[in-house]
Amino acid sequence: MPKSSKSHHSMCEITFTHIRDDHAAMVDISGKDATLRRAVATGRIKLRRETIAAISAGSIEKGNVLATARIAAITAIKETSRIIPMCHQIPITGIDVDFEVVGGADCDDGADDADGSDVANTISALVTVSSVGRTGVEMEALCGVSVALLTIWDMVKSAEKDDSGNYPDTAISGIRVLEKVKY
């Protein structure tokens, strides 16, 4: 992952581009040159071991969980400007949605990610979005990851519920931008 050349700002140094005279405003990007832009985002959902095994076996009654989540991510990416008020409509030139399933019947419950977080019985989504435009595509990538993970949750919620109808083992976490570049 490339390091940013910009340093982190303290809160008193930050200028918010979407606020003008105490009201929300969409940034005017008409003076910017169109360039190739790409963003990669990720996140994960933690599920019960049995749920991961059922997804891997293709035995979830609602259908193919990952195929449905992939379509949901693509749809969300294309609709980001309708969901997030200050996002511009931008021409999406490419979308890639991948999943990594860790766990299930043969899972070592002690699996940890490089950052020390527990990844046993999880599905990670990795979304890459490309555009040739005047603004970045990180919100589109984040929206795609979020909706992919929410779709997985929706498709397996009957398997994840406990006797009281709650989801004590199910959690979405780690949604973040891994990379944002323009060429």
# chains A, B, ... in the order shown; residues from 1 in each chain; ligands from 1
$ residues_around --residues "A:Ala54" --least-positions-apart "6" --cutoff "12 Å" --atoms "only C-alpha atoms" --output "MDAnalysis selection string"
chainID A and resid 47:48 60:66 101 103:105 121 155:156 159:160
$ closest_residue --among "A:Ala67, A:Ile92, A:Ala25, A:Ile45" --to "A:Ile175" --atoms "only C-alpha atoms"
A:Ile45
$ closest_residue --among "A:Tyr167, A:Val137, A:Val132, A:Ala148" --to "A:Ala34" --atoms "only C-alpha atoms"
A:Val132
$ closest_residue --among "A:Ala57, A:Val181, A:Ala73, A:Ala24" --to "A:Leu142" --atoms "only C-alpha atoms"
A:Ala73
$ select_by_dssp --residues "stretch 17-135 of chain A" --states "strand (DSSP E)" --output "PyMOL selection string"
chain A and resi 19-20+23-24+35-46+92-102+122-133
$ atom_distance --atom1 "atom CA of A:Gly144" --atom2 "atom CA of A:Ala76"
5.4 Å
$ atom_distance --atom1 "atom CA of A:Ile77" --atom2 "atom CA of A:Trp153"
18.4 Å
$ residues_around --residues "A:Val129" --least-positions-apart "6" --cutoff "6 Å" --atoms "only C-alpha atoms" --output "number ranges by chain"
A: 38-39, 94-95, 141
$ atom_distance --atom1 "atom CA of A:Val102" --atom2 "atom CA of A:Ile52"
8.0 Å
$ closest_residue --among "A:Arg37, A:Lys180, A:Arg44, A:Lys32" --to "A:Ile123" --atoms "only C-alpha atoms"
A:Arg44
$ select_by_dssp --residues "stretch 79-181 of chain A" --states "alpha helix (DSSP H)" --output "list in words"
Thr80, Ser81, Arg82, Ile83, Glu138, Met139, Glu140, Ala141, Leu142, Cys143, Gly144, Val145, Ser146, Val147, Ala148, Leu149, Leu150, Thr151, Ile152, Trp153, Asp154, Met155, Val156, Lys157, Ser158, Ala159 and Glu160 of chain A
$ write_last_selection --atoms "N, CA and C atoms" --output "PDB file, in the first residue's frame"
ATOM      1  N   THR A  80     -23.909   5.374  -6.137  1.00  0.00           N
ATOM      2  CA  THR A  80     -23.338   6.091  -5.003  1.00  0.00           C
ATOM      3  C   THR A  80     -23.779   7.551  -4.946  1.00  0.00           C
ATOM      4  N   SER A  81     -23.794   8.240  -6.072  1.00  0.00           N
ATOM      5  CA  SER A  81     -24.163   9.659  -6.058  1.00  0.00           C
ATOM      6  C   SER A  81     -25.627   9.876  -5.679  1.00  0.00           C
ATOM      7  N   ARG A  82     -26.449   8.857  -5.789  1.00  0.00           N
ATOM      8  CA  ARG A  82     -27.854   8.961  -5.359  1.00  0.00           C
ATOM      9  C   ARG A  82     -28.003   8.693  -3.865  1.00  0.00           C
ATOM     10  N   ILE A  83     -27.030   7.994  -3.281  1.00  0.00           N
ATOM     11  CA  ILE A  83     -27.088   7.615  -1.866  1.00  0.00           C
ATOM     12  C   ILE A  83     -26.390   8.644  -0.983  1.00  0.00           C
ATOM     13  N   GLU A 138     -13.218   6.872  -4.310  1.00  0.00           N
ATOM     14  CA  GLU A 138     -13.147   6.153  -3.037  1.00  0.00           C
ATOM     15  C   GLU A 138     -14.517   5.959  -2.399  1.00  0.00           C
ATOM     16  N   MET A 139     -15.429   6.914  -2.539  1.00  0.00           N
ATOM     17  CA  MET A 139     -16.763   6.735  -1.956  1.00  0.00           C
ATOM     18  C   MET A 139     -17.504   5.611  -2.661  1.00  0.00           C
ATOM     19  N   GLU A 140     -17.305   5.489  -3.956  1.00  0.00           N
ATOM     20  CA  GLU A 140     -17.924   4.395  -4.707  1.00  0.00           C
ATOM     21  C   GLU A 140     -17.388   3.049  -4.237  1.00  0.00           C
ATOM     22  N   ALA A 141     -16.073   2.961  -4.029  1.00  0.00           N
ATOM     23  CA  ALA A 141     -15.476   1.705  -3.551  1.00  0.00           C
ATOM     24  C   ALA A 141     -15.980   1.362  -2.155  1.00  0.00           C
ATOM     25  N   LEU A 142     -16.044   2.359  -1.265  1.00  0.00           N
ATOM     26  CA  LEU A 142     -16.549   2.129   0.090  1.00  0.00           C
ATOM     27  C   LEU A 142     -18.025   1.731   0.084  1.00  0.00           C
ATOM     28  N   CYS A 143     -18.801   2.357  -0.773  1.00  0.00           N
ATOM     29  CA  CYS A 143     -20.225   2.027  -0.884  1.00  0.00           C
ATOM     30  C   CYS A 143     -20.393   0.587  -1.381  1.00  0.00           C
ATOM     31  N   GLY A 144     -19.563   0.195  -2.350  1.00  0.00           N
ATOM     32  CA  GLY A 144     -19.622  -1.170  -2.866  1.00  0.00           C
ATOM     33  C   GLY A 144     -19.303  -2.203  -1.805  1.00  0.00           C
ATOM     34  N   VAL A 145     -18.248  -1.961  -1.025  1.00  0.00           N
ATOM     35  CA  VAL A 145     -17.878  -2.882   0.065  1.00  0.00           C
ATOM     36  C   VAL A 145     -19.012  -2.970   1.080  1.00  0.00           C
ATOM     37  N   SER A 146     -19.523  -1.829   1.486  1.00  0.00           N
ATOM     38  CA  SER A 146     -20.575  -1.797   2.510  1.00  0.00           C
ATOM     39  C   SER A 146     -21.810  -2.576   2.086  1.00  0.00           C
ATOM     40  N   VAL A 147     -22.253  -2.338   0.870  1.00  0.00           N
ATOM     41  CA  VAL A 147     -23.464  -3.016   0.394  1.00  0.00           C
ATOM     42  C   VAL A 147     -23.205  -4.499   0.155  1.00  0.00           C
ATOM     43  N   ALA A 148     -22.018  -4.871  -0.288  1.00  0.00           N
ATOM     44  CA  ALA A 148     -21.695  -6.294  -0.441  1.00  0.00           C
ATOM     45  C   ALA A 148     -21.809  -7.007   0.899  1.00  0.00           C
ATOM     46  N   LEU A 149     -21.235  -6.412   1.946  1.00  0.00           N
ATOM     47  CA  LEU A 149     -21.266  -7.039   3.276  1.00  0.00           C
ATOM     48  C   LEU A 149     -22.677  -7.054   3.849  1.00  0.00           C
ATOM     49  N   LEU A 150     -23.422  -5.987   3.654  1.00  0.00           N
ATOM     50  CA  LEU A 150     -24.818  -5.966   4.115  1.00  0.00           C
ATOM     51  C   LEU A 150     -25.662  -7.009   3.388  1.00  0.00           C
ATOM     52  N   THR A 151     -25.377  -7.219   2.118  1.00  0.00           N
ATOM     53  CA  THR A 151     -26.108  -8.235   1.349  1.00  0.00           C
ATOM     54  C   THR A 151     -25.797  -9.628   1.867  1.00  0.00           C
ATOM     55  N   ILE A 152     -24.534  -9.886   2.180  1.00  0.00           N
ATOM     56  CA  ILE A 152     -24.183 -11.179   2.783  1.00  0.00           C
ATOM     57  C   ILE A 152     -24.975 -11.368   4.062  1.00  0.00           C
ATOM     58  N   TRP A 153     -24.992 -10.360   4.929  1.00  0.00           N
ATOM     59  CA  TRP A 153     -25.733 -10.444   6.198  1.00  0.00           C
ATOM     60  C   TRP A 153     -27.204 -10.748   5.921  1.00  0.00           C
ATOM     61  N   ASP A 154     -27.804 -10.021   4.978  1.00  0.00           N
ATOM     62  CA  ASP A 154     -29.219 -10.229   4.663  1.00  0.00           C
ATOM     63  C   ASP A 154     -29.491 -11.645   4.190  1.00  0.00           C
ATOM     64  N   MET A 155     -28.594 -12.200   3.400  1.00  0.00           N
ATOM     65  CA  MET A 155     -28.828 -13.528   2.842  1.00  0.00           C
ATOM     66  C   MET A 155     -28.661 -14.647   3.862  1.00  0.00           C
ATOM     67  N   VAL A 156     -27.923 -14.392   4.940  1.00  0.00           N
ATOM     68  CA  VAL A 156     -27.669 -15.452   5.929  1.00  0.00           C
ATOM     69  C   VAL A 156     -28.278 -15.154   7.297  1.00  0.00           C
ATOM     70  N   LYS A 157     -29.109 -14.126   7.385  1.00  0.00           N
ATOM     71  CA  LYS A 157     -29.582 -13.721   8.711  1.00  0.00           C
ATOM     72  C   LYS A 157     -30.388 -14.804   9.433  1.00  0.00           C
ATOM     73  N   SER A 158     -31.074 -15.649   8.712  1.00  0.00           N
ATOM     74  CA  SER A 158     -31.820 -16.720   9.395  1.00  0.00           C
ATOM     75  C   SER A 158     -30.867 -17.703  10.069  1.00  0.00           C
ATOM     76  N   ALA A 159     -29.702 -17.915   9.487  1.00  0.00           N
ATOM     77  CA  ALA A 159     -28.705 -18.820  10.078  1.00  0.00           C
ATOM     78  C   ALA A 159     -27.930 -18.155  11.208  1.00  0.00           C
ATOM     79  N   GLU A 160     -27.880 -16.837  11.222  1.00  0.00           N
ATOM     80  CA  GLU A 160     -27.095 -16.094  12.205  1.00  0.00           C
ATOM     81  C   GLU A 160     -27.882 -15.722  13.462  1.00  0.00           C
TER      82      GLU A 160
END
$ closest_residue --among "A:Arg134, A:Lys78, A:Arg70, A:His88" --to "A:Thr35" --atoms "only C-alpha atoms"
A:Arg134
